[in-house]
file protein.csv (CSV, C-alpha atoms)
chain,number,residue,atom,x,y,z
A,286,MET,CA,-1.9,-12.2,21.0
A,287,ASP,CA,-2.1,-8.7,22.6
A,288,ILE,CA,0.8,-6.7,21.2
A,289,ASN,CA,2.1,-3.3,22.1
A,290,LEU,CA,3.6,-2.0,18.9
A,291,LEU,CA,4.4,1.2,17.0
A,292,ALA,CA,3.7,0.4,13.4
A,293,LEU,CA,5.3,2.5,10.6
A,294,GLY,CA,4.1,2.4,7.0
A,295,VAL,CA,6.8,4.0,4.8
A,296,GLY,CA,5.3,5.1,1.6
A,297,ASN,CA,6.3,7.2,-1.4
A,298,SER,CA,4.4,10.3,-0.1
A,299,ARG,CA,3.7,9.7,3.6
A,300,LEU,CA,4.9,8.1,6.7
A,301,ALA,CA,2.0,6.4,8.5
A,302,ILE,CA,2.3,5.9,12.3
A,303,GLY,CA,0.0,3.6,14.2
A,304,VAL,CA,-0.1,2.9,17.9
A,305,PHE,CA,-1.3,-0.6,18.8
A,306,ALA,CA,-1.9,-1.0,22.5
A,307,ALA,CA,-3.0,-4.5,23.8
A,308,GLY,CA,-3.6,-5.4,20.1
A,309,GLU,CA,-5.9,-2.5,19.3
A,310,LEU,CA,-5.1,0.5,17.1
A,311,ARG,CA,-5.5,3.4,19.5
A,312,GLN,CA,-4.3,6.2,17.2
A,313,ALA,CA,-2.9,6.8,13.7
A,314,ALA,CA,-1.1,9.8,12.2
A,315,ARG,CA,0.5,10.6,8.9
A,316,VAL,CA,3.3,13.0,8.0
A,317,SER,CA,5.0,13.9,4.7
A,318,ILE,CA,7.8,11.5,3.8
A,319,ASN,CA,9.7,14.6,2.4
A,320,GLU,CA,9.7,16.4,5.8
A,321,PRO,CA,12.1,14.4,8.0
A,322,ALA,CA,12.0,17.1,10.7
A,323,GLN,CA,8.3,16.1,11.2
A,324,TRP,CA,9.1,12.4,11.8
A,325,ALA,CA,10.8,12.8,15.2
A,326,GLU,CA,8.0,15.1,16.4
A,327,ALA,CA,5.3,12.7,15.3
A,328,LEU,CA,7.1,9.6,16.7
A,329,ALA,CA,7.6,11.3,20.0
A,330,LYS,CA,3.9,12.1,20.3
A,331,ALA,CA,3.0,8.5,19.4
A,332,TRP,CA,5.6,6.7,21.6
A,333,PRO,CA,4.1,5.9,25.0
A,334,LYS,CA,5.6,7.3,28.2
A,335,ASP,CA,5.7,3.8,29.7
A,336,ALA,CA,7.1,1.9,26.8
A,337,ASP,CA,8.3,-1.2,28.6
A,338,GLY,CA,7.7,-4.2,26.3
A,339,TRP,CA,6.9,-2.1,23.3
A,340,ALA,CA,8.5,-2.7,19.8
A,341,VAL,CA,8.7,-0.8,16.5
A,342,ALA,CA,7.9,-2.6,13.3
A,343,ALA,CA,7.9,-1.1,9.8
A,344,ALA,CA,7.3,-1.9,6.2
A,345,GLY,CA,7.8,0.3,3.2
A,346,VAL,CA,8.3,0.8,-0.5
A,347,ASN,CA,10.8,3.7,-0.2
A,348,PRO,CA,14.3,2.3,0.3
A,349,GLY,CA,15.9,5.7,0.1
A,350,VAL,CA,14.7,6.6,3.6
A,351,VAL,CA,15.1,3.3,5.4
A,352,SER,CA,18.4,4.3,7.1
A,353,GLN,CA,17.1,7.7,8.1
A,354,ILE,CA,13.9,6.1,9.5
A,355,ASP,CA,16.1,3.7,11.5
A,356,GLN,CA,18.2,6.5,12.9
A,357,THR,CA,15.2,8.7,13.8
A,358,VAL,CA,13.3,5.8,15.5
A,359,LEU,CA,16.4,4.8,17.5
A,360,SER,CA,17.0,8.4,18.7
A,361,VAL,CA,13.3,8.9,19.7
A,362,THR,CA,12.4,5.5,21.2
A,363,GLY,CA,15.7,3.8,21.9
A,364,GLN,CA,14.4,0.8,19.8
A,365,SER,CA,15.7,-0.7,16.6
A,366,VAL,CA,13.2,-1.0,13.8
A,367,LEU,CA,12.0,-4.5,12.8
A,368,TRP,CA,11.3,-4.5,9.1
A,369,VAL,CA,8.7,-6.8,7.6
A,370,GLY,CA,10.4,-9.0,5.0
A,371,ARG,CA,13.8,-8.6,6.6
A,372,ASP,CA,13.4,-9.2,10.4
A,373,ILE,CA,9.8,-10.2,10.4
A,374,ASP,CA,8.2,-12.9,8.2
A,375,ILE,CA,5.6,-12.0,5.5
A,376,PRO,CA,2.3,-13.4,6.9
A,377,ILE,CA,0.8,-14.8,3.7
A,378,GLY,CA,2.0,-16.8,0.7
A,379,VAL,CA,3.0,-14.8,-2.4
A,380,GLU,CA,2.4,-16.4,-5.7
A,381,THR,CA,3.8,-13.7,-8.0
A,382,GLN,CA,6.7,-14.5,-10.4
A,383,ASN,CA,9.2,-12.6,-8.2
A,384,PRO,CA,7.9,-12.5,-4.6
A,385,SER,CA,10.9,-10.5,-3.4
A,386,GLN,CA,10.2,-7.8,-6.0
A,387,THR,CA,6.5,-7.5,-5.1
A,388,GLY,CA,5.7,-4.4,-3.1
A,389,ILE,CA,5.4,-5.2,0.6
A,390,ASP,CA,2.7,-2.6,1.0
A,391,ARG,CA,0.5,-4.5,-1.5
A,392,ILE,CA,1.1,-7.8,0.2
A,393,LEU,CA,0.3,-6.5,3.7
A,394,ASN,CA,-2.8,-4.7,2.6
A,395,VAL,CA,-4.1,-8.0,1.2
A,396,ALA,CA,-3.0,-9.9,4.3
A,397,ALA,CA,-4.9,-7.5,6.6
A,398,ALA,CA,-8.0,-7.7,4.4
A,399,TYR,CA,-7.9,-11.5,4.3
A,400,GLU,CA,-7.4,-11.7,8.0
A,401,GLN,CA,-10.7,-9.8,8.4
A,402,MET,CA,-12.7,-11.4,5.5
A,403,GLY,CA,-11.4,-14.9,5.7
A,404,LYS,CA,-12.0,-15.5,2.0
A,405,ALA,CA,-10.8,-14.3,-1.5
A,406,CYS,CA,-10.8,-10.5,-1.6
A,407,ILE,CA,-9.5,-7.5,-3.5
A,408,VAL,CA,-7.7,-4.5,-2.1
A,409,VAL,CA,-7.6,-1.2,-4.0
A,410,ASP,CA,-4.9,1.2,-2.6
A,411,ALA,CA,-5.3,4.7,-4.0
A,412,GLY,CA,-2.2,6.5,-3.1
A,413,THR,CA,0.8,7.8,-5.1
A,414,ALA,CA,0.1,4.8,-7.4
A,415,VAL,CA,-3.2,2.9,-7.6
A,416,THR,CA,-2.9,-0.8,-7.0
A,417,VAL,CA,-5.6,-3.4,-7.3
A,418,ASP,CA,-4.6,-6.7,-5.8
A,419,CYS,CA,-6.2,-10.0,-5.0
A,420,CYS,CA,-5.9,-13.1,-2.9
A,421,ASN,CA,-7.5,-16.5,-3.2
A,422,ASP,CA,-9.6,-18.3,-0.5
A,423,ASN,CA,-6.4,-19.6,1.0
A,424,GLY,CA,-5.1,-16.1,1.5
A,425,ASP,CA,-2.3,-16.4,-1.1
A,426,PHE,CA,-1.4,-13.1,-2.7
A,427,LEU,CA,-1.9,-13.6,-6.5
A,428,GLY,CA,-0.9,-10.2,-7.9
A,429,GLY,CA,-2.8,-7.4,-9.5
A,430,ALA,CA,-2.5,-4.2,-11.5
A,431,ILE,CA,-0.7,-0.9,-11.0
A,432,MET,CA,-1.4,2.5,-12.5
A,433,PRO,CA,-0.5,6.1,-11.7
A,434,GLY,CA,-2.4,7.7,-8.9
A,435,VAL,CA,-4.4,10.9,-8.9
A,436,ALA,CA,-1.5,13.3,-8.2
A,437,MET,CA,0.7,11.6,-10.7
A,438,MET,CA,-1.8,11.8,-13.5
A,439,ILE,CA,-2.4,15.5,-12.7
A,440,ASP,CA,1.4,16.1,-12.8
A,441,ALA,CA,1.7,14.3,-16.1
A,442,LEU,CA,-1.0,16.3,-17.8
A,443,ALA,CA,0.4,19.6,-16.5
A,444,GLU,CA,4.0,18.7,-17.6
A,445,LYS,CA,3.2,17.1,-20.9
A,446,THR,CA,0.5,19.4,-22.3
A,447,ALA,CA,0.7,23.1,-23.3
A,448,ALA,CA,-2.8,24.2,-22.2
A,449,ILE,CA,-4.2,22.1,-19.4
A,450,GLY,CA,-2.0,23.3,-16.5
A,451,ARG,CA,-2.2,22.0,-12.9
A,452,VAL,CA,-5.7,21.4,-11.6
A,453,GLU,CA,-7.3,20.3,-8.3
A,454,PHE,CA,-9.0,16.9,-8.5
A,455,ALA,CA,-12.6,16.7,-7.2
A,456,PRO,CA,-15.1,13.9,-7.6
A,457,PRO,CA,-17.2,14.8,-10.6
A,458,ALA,CA,-20.5,16.6,-9.8
A,459,GLY,CA,-22.1,15.8,-13.1
A,460,ASP,CA,-22.0,13.5,-16.1
A,461,VAL,CA,-19.9,15.7,-18.4
A,462,GLY,CA,-16.8,17.9,-17.6
A,463,ASP,CA,-17.8,21.4,-18.7
A,464,SER,CA,-14.4,23.0,-17.9
A,465,THR,CA,-10.8,21.9,-18.2
A,466,ALA,CA,-10.5,21.2,-14.5
A,467,SER,CA,-13.8,19.2,-14.4
A,468,ALA,CA,-12.9,17.3,-17.6
A,469,VAL,CA,-9.6,16.3,-16.0
A,470,SER,CA,-11.4,15.2,-12.9
A,471,GLN,CA,-13.8,13.2,-15.0
A,472,GLY,CA,-11.0,11.5,-16.8
A,473,ILE,CA,-9.1,10.6,-13.7
A,474,TYR,CA,-12.1,9.5,-11.7
A,475,HIS,CA,-13.5,7.2,-14.4
A,476,SER,CA,-10.2,5.8,-15.5
A,477,ILE,CA,-9.4,4.6,-11.9
A,478,ARG,CA,-12.9,3.3,-11.3
A,479,GLY,CA,-12.9,1.6,-14.7
A,480,LEU,CA,-9.6,-0.1,-13.8
A,481,VAL,CA,-11.0,-1.4,-10.5
A,482,ARG,CA,-14.1,-2.7,-12.2
A,483,GLU,CA,-12.3,-4.4,-15.1
A,484,VAL,CA,-9.6,-6.0,-12.8
A,485,ALA,CA,-12.3,-7.2,-10.4
A,486,GLU,CA,-14.2,-8.8,-13.2
A,487,ASN,CA,-11.0,-10.6,-14.3
A,488,PHE,CA,-10.3,-11.8,-10.7
A,489,ALA,CA,-13.9,-13.0,-10.4
A,490,THR,CA,-13.6,-15.0,-13.7
A,491,ARG,CA,-10.4,-16.6,-12.4
A,492,LEU,CA,-11.8,-17.4,-8.9
A,493,GLY,CA,-15.3,-18.3,-9.9
A,494,VAL,CA,-16.7,-15.9,-7.3
A,495,TRP,CA,-17.0,-12.1,-7.0
A,496,PRO,CA,-14.5,-11.0,-4.3
A,497,GLU,CA,-15.4,-8.3,-1.8
A,498,ILE,CA,-13.4,-5.1,-2.5
A,499,ILE,CA,-11.7,-3.1,0.3
A,500,ALA,CA,-10.3,0.3,-0.5
A,501,THR,CA,-7.5,2.2,1.2
A,502,GLY,CA,-5.1,5.0,0.6
A,503,GLY,CA,-5.3,8.8,0.7
A,504,ASP,CA,-7.5,9.2,-2.3
A,505,ALA,CA,-9.9,6.3,-1.6
A,506,LYS,CA,-12.7,8.4,-0.1
A,507,ASN,CA,-12.8,10.8,-3.0
A,508,LEU,CA,-12.7,8.0,-5.6
A,509,PHE,CA,-14.9,5.3,-4.0
A,510,GLU,CA,-17.1,6.6,-1.3
A,511,GLY,CA,-20.7,5.4,-1.9
A,512,TRP,CA,-19.7,3.2,-4.8
A,513,GLU,CA,-21.6,-0.1,-4.7
A,514,LEU,CA,-18.6,-2.1,-5.8
A,515,ILE,CA,-16.7,-1.2,-2.6
A,516,HIS,CA,-17.4,-3.2,0.5
A,517,ALA,CA,-15.5,-0.9,2.9
A,518,ILE,CA,-13.0,1.9,3.0
A,519,ALA,CA,-10.2,1.1,5.5
A,520,PRO,CA,-7.7,4.0,5.7
A,521,ASP,CA,-5.4,2.2,8.2
A,522,LEU,CA,-5.3,-1.2,6.4
A,523,GLY,CA,-1.5,-1.1,5.9
A,524,LEU,CA,-0.9,-0.5,9.6
A,525,TYR,CA,-3.0,-3.5,10.4
A,526,GLY,CA,-1.0,-5.5,8.0
A,527,ILE,CA,2.2,-4.6,9.7
A,528,ALA,CA,0.7,-5.5,13.1
A,529,LEU,CA,-0.5,-8.8,11.7
A,530,ALA,CA,3.0,-9.7,10.4
A,531,TYR,CA,4.6,-8.8,13.7
A,532,THR,CA,2.0,-10.9,15.6
A,533,GLU,CA,2.2,-13.9,13.3
A,534,HIS,CA,6.0,-13.9,13.4
A,535,HIS,CA,6.1,-14.0,17.1
A,536,ILE,CA,3.5,-16.8,17.3
A,537,ARG,CA,5.3,-18.8,14.6
A,538,HIS,CA,8.7,-18.4,16.3
A,539,GLU,CA,7.3,-18.6,19.9
A,540,THR,CA,9.1,-15.4,20.9

call {"tool": "encode", "arguments": {"input": "protein.csv", "output": "C-alpha cells"}}
result
Amino acid sequence: MDINLLALGVGNSRLAIGVFAAGELRQAARVSINEPAQWAEALAKAWPKDADGWAVAAAGVNPGVVSQIDQTVLSVTGQSVLWVGRDIDIPIGVETQNPSQTGIDRILNVAAAYEQMGKACIVVDAGTAVTVDCCNDNGDFLGGAIMPGVAMMIDALAEKTAAIGRVEFAPPAGDVGDSTASAVSQGIYHSIRGLVREVAENFATRLGVWPEIIATGGDAKNLFEGWELIHAIAPDLGLYGIALAYTEHHIRHET
C-alpha cells in the first residue's frame, strides 16, 4: 500500500518527523522535544504543498506533550493526529504482562525490524534510555531490558559524585581510561555493550537461535558502529514502525 504520511515519533528528548511519499521515506528531521517553537517550523518544512490525501500519524512515550503536539499539527497542517495504540492498531502481538504499559516506541521498533527481517530479531534503541527488545519468529513482541542511556548516566555521575563532574562521552580510543573523562566513557560504553551481549545471549537461549540485532537511537553510532554483534544501524526505525502501523491498520479495516 503506497501511503502519503507524515510520521511523528514523540520521544523524551526529541521529536522525529518523517515524510513518507508513495510509501517511501523521503526525508527525516529531528528537533528538541523541549523547544515547542521549533515544532511548527519543522512541521511546516516537512508538510507537502500539495497535501491532498495525506495524513499525520504519531506514536510516543511522552504523554505530557500529546495535547501540544495535537494543537501544533492541527494549526500547521489542518489535520488531526492519529495516534498508534489509540486511533491506529498496534501492528504486532505483544506478549508482555501488561501490553498497555509497554512502551509503544519499543513495540514499533521491533515491528519495523521484523517487517524487514521476517524472523526473530533484537532491537537496541540507544536514546534517553537504552532498551534491548526481542520478537519471536511469529513477530510477537516478547519484552526486553531497559537501562539509563548515555546522557542519563553522565548526569547521574555528575550529580551524585563530588569529583567527577560532567564529561563528554566519546567511544574509547584505548583499552584503559587514563583520565576521568575517558574512564567514564569506558564505563558507559562497556556497560551498554555488555548489556546488549548478555541480553542477546539470553534471548538466543530462549529462542534456540541467535537473533540478528538492529540498533537505532541517537547514540547508536557512537556505541555500536563496527561491532560484529550488530547487523545494521537504522536511525529511522521508529518512523518506519509508525508507517507500518498506519498501513496495516488501513489494510485490516479496508479504509

call {"tool": "residues_near_point", "arguments": {"input": "protein.csv", "point": "(-12.4, -11.8, 2.4)", "cutoff": "10 Å", "atoms": "all atoms listed in the file", "output": "list of chain:residue names"}}
result
A:Val395, A:Ala396, A:Ala397, A:Ala398, A:Tyr399, A:Glu400, A:Gln401, A:Met402, A:Gly403, A:Lys404, A:Ala405, A:Cys406, A:Ile407, A:Val408, A:Cys419, A:Cys420, A:Asn421, A:Asp422, A:Asn423, A:Gly424, A:Pro496, A:Glu497, A:Ile498, A:Ile499

call {"tool": "closest_atom_pairs", "arguments": {"input": "protein.csv", "of": "region 346-391 of chain A", "to": "region 287-307 of chain A", "cutoff": "12 Å", "atoms": "only C-alpha atoms", "output": "tab-separated table"}}
result
residue	atom	partner	partner_atom	distance
A:Val346	CA	A:Gly296	CA	5.6
A:Asn347	CA	A:Asn297	CA	5.8
A:Pro348	CA	A:Val295	CA	8.9
A:Gly349	CA	A:Asn297	CA	9.8
A:Val350	CA	A:Val295	CA	8.4
A:Val351	CA	A:Val295	CA	8.4
A:Ser352	CA	A:Val295	CA	11.8
A:Gln353	CA	A:Val295	CA	11.4
A:Ile354	CA	A:Val295	CA	8.8
A:Asp355	CA	A:Leu293	CA	10.9
A:Val358	CA	A:Leu293	CA	9.9
A:Thr362	CA	A:Leu291	CA	10.0
A:Gln364	CA	A:Leu291	CA	10.4
A:Ser365	CA	A:Leu291	CA	11.5
A:Val366	CA	A:Leu293	CA	9.2
A:Leu367	CA	A:Ala292	CA	9.7
A:Trp368	CA	A:Leu293	CA	9.3
A:Val369	CA	A:Gly294	CA	10.3
A:Gly388	CA	A:Gly296	CA	10.6
A:Ile389	CA	A:Gly294	CA	10.0
A:Asp390	CA	A:Gly294	CA	7.9
A:Arg391	CA	A:Gly296	CA	11.2

call {"tool": "closest_residue", "arguments": {"input": "protein.csv", "among": "A:Gly472, A:Ile377, A:Ala344, A:Met437", "to": "Glu533 (chain A)", "atoms": "all atoms listed in the file"}}
result
A:Ile377

call {"tool": "closest_residue", "arguments": {"input": "protein.csv", "among": "A:Val361, A:Ala443, A:Ile527, A:Val452", "to": "Ala342 (chain A)", "atoms": "all atoms listed in the file"}}
result
A:Ile527

call {"tool": "closest_residue", "arguments": {"input": "protein.csv", "among": "A:Ala500, A:Val435, A:Ala447, A:Asp374", "to": "His475 (chain A)", "atoms": "all atoms listed in the file"}}
result
A:Val435

call {"tool": "closest_residue", "arguments": {"input": "protein.csv", "among": "A:Leu427, A:Ala336, A:Ala343, A:Ala441", "to": "Thr381 (chain A)", "atoms": "all atoms listed in the file"}}
result
A:Leu427

call {"tool": "atom_distance", "arguments": {"input": "protein.csv", "atom1": "CA of Ile431 (chain A)", "atom2": "CA of Gln386 (chain A)"}}
result
13.8 Å

call {"tool": "closest_residue", "arguments": {"input": "protein.csv", "among": "A:Asn394, A:Thr446, A:Ser476, A:Ser467", "to": "Tyr525 (chain A)", "atoms": "only C-alpha atoms"}}
result
A:Asn394

call {"tool": "residues_around", "arguments": {"input": "protein.csv", "residues": "Ala448 (chain A)", "least_positions_apart": "6", "cutoff": "12 Å", "atoms": "all atoms listed in the file", "output": "PyMOL selection string"}}
result
chain A and resi 442+465-466

call {"tool": "build_atoms", "arguments": {"input": "protein.csv", "residues": "region 472-492 of chain A", "atoms": "N, CA and C atoms", "output": "compact mmCIF listing (two decimals), in the frame of the given file"}}
result
# COMPACT_ATOMS: atom_id res chain seq x y z
N GLY A 472 -11.88 12.44 -16.24
CA GLY A 472 -11.00 11.50 -16.80
C GLY A 472 -10.28 10.61 -15.77
N ILE A 473 -9.77 11.27 -14.73
CA ILE A 473 -9.10 10.60 -13.70
C ILE A 473 -10.00 9.66 -12.89
N TYR A 474 -11.13 10.20 -12.51
CA TYR A 474 -12.10 9.50 -11.70
C TYR A 474 -12.57 8.20 -12.40
N HIS A 475 -12.96 8.34 -13.66
CA HIS A 475 -13.50 7.20 -14.40
C HIS A 475 -12.45 6.22 -14.84
N SER A 476 -11.24 6.70 -15.07
CA SER A 476 -10.20 5.80 -15.50
C SER A 476 -9.79 4.87 -14.31
N ILE A 477 -9.72 5.43 -13.11
CA ILE A 477 -9.40 4.60 -11.90
C ILE A 477 -10.50 3.65 -11.60
N ARG A 478 -11.72 4.15 -11.56
CA ARG A 478 -12.90 3.30 -11.30
C ARG A 478 -13.04 2.21 -12.34
N GLY A 479 -12.77 2.59 -13.59
CA GLY A 479 -12.90 1.60 -14.70
C GLY A 479 -11.84 0.51 -14.52
N LEU A 480 -10.61 0.89 -14.10
CA LEU A 480 -9.60 -0.10 -13.80
C LEU A 480 -10.05 -1.08 -12.75
N VAL A 481 -10.57 -0.53 -11.66
CA VAL A 481 -11.00 -1.40 -10.50
C VAL A 481 -12.08 -2.36 -11.01
N ARG A 482 -13.07 -1.87 -11.74
CA ARG A 482 -14.10 -2.70 -12.20
C ARG A 482 -13.61 -3.83 -13.15
N GLU A 483 -12.77 -3.44 -14.09
CA GLU A 483 -12.30 -4.40 -15.10
C GLU A 483 -11.40 -5.47 -14.40
N VAL A 484 -10.50 -5.04 -13.51
CA VAL A 484 -9.60 -6.00 -12.80
C VAL A 484 -10.45 -6.91 -11.92
N ALA A 485 -11.44 -6.34 -11.23
CA ALA A 485 -12.30 -7.20 -10.40
C ALA A 485 -13.04 -8.22 -11.17
N GLU A 486 -13.50 -7.86 -12.36
CA GLU A 486 -14.20 -8.80 -13.20
C GLU A 486 -13.21 -9.95 -13.65
N ASN A 487 -11.97 -9.58 -13.94
CA ASN A 487 -11.00 -10.60 -14.30
C ASN A 487 -10.70 -11.54 -13.13
N PHE A 488 -10.57 -10.98 -11.93
CA PHE A 488 -10.30 -11.80 -10.70
C PHE A 488 -11.54 -12.74 -10.52
N ALA A 489 -12.74 -12.19 -10.66
CA ALA A 489 -13.90 -13.00 -10.40
C ALA A 489 -14.01 -14.16 -11.41
N THR A 490 -13.63 -13.91 -12.66
CA THR A 490 -13.60 -15.00 -13.70
C THR A 490 -12.62 -16.06 -13.26
N ARG A 491 -11.47 -15.65 -12.81
CA ARG A 491 -10.40 -16.60 -12.40
C ARG A 491 -10.84 -17.41 -11.18
N LEU A 492 -11.45 -16.74 -10.20
CA LEU A 492 -11.80 -17.40 -8.90
C LEU A 492 -13.12 -18.07 -8.92
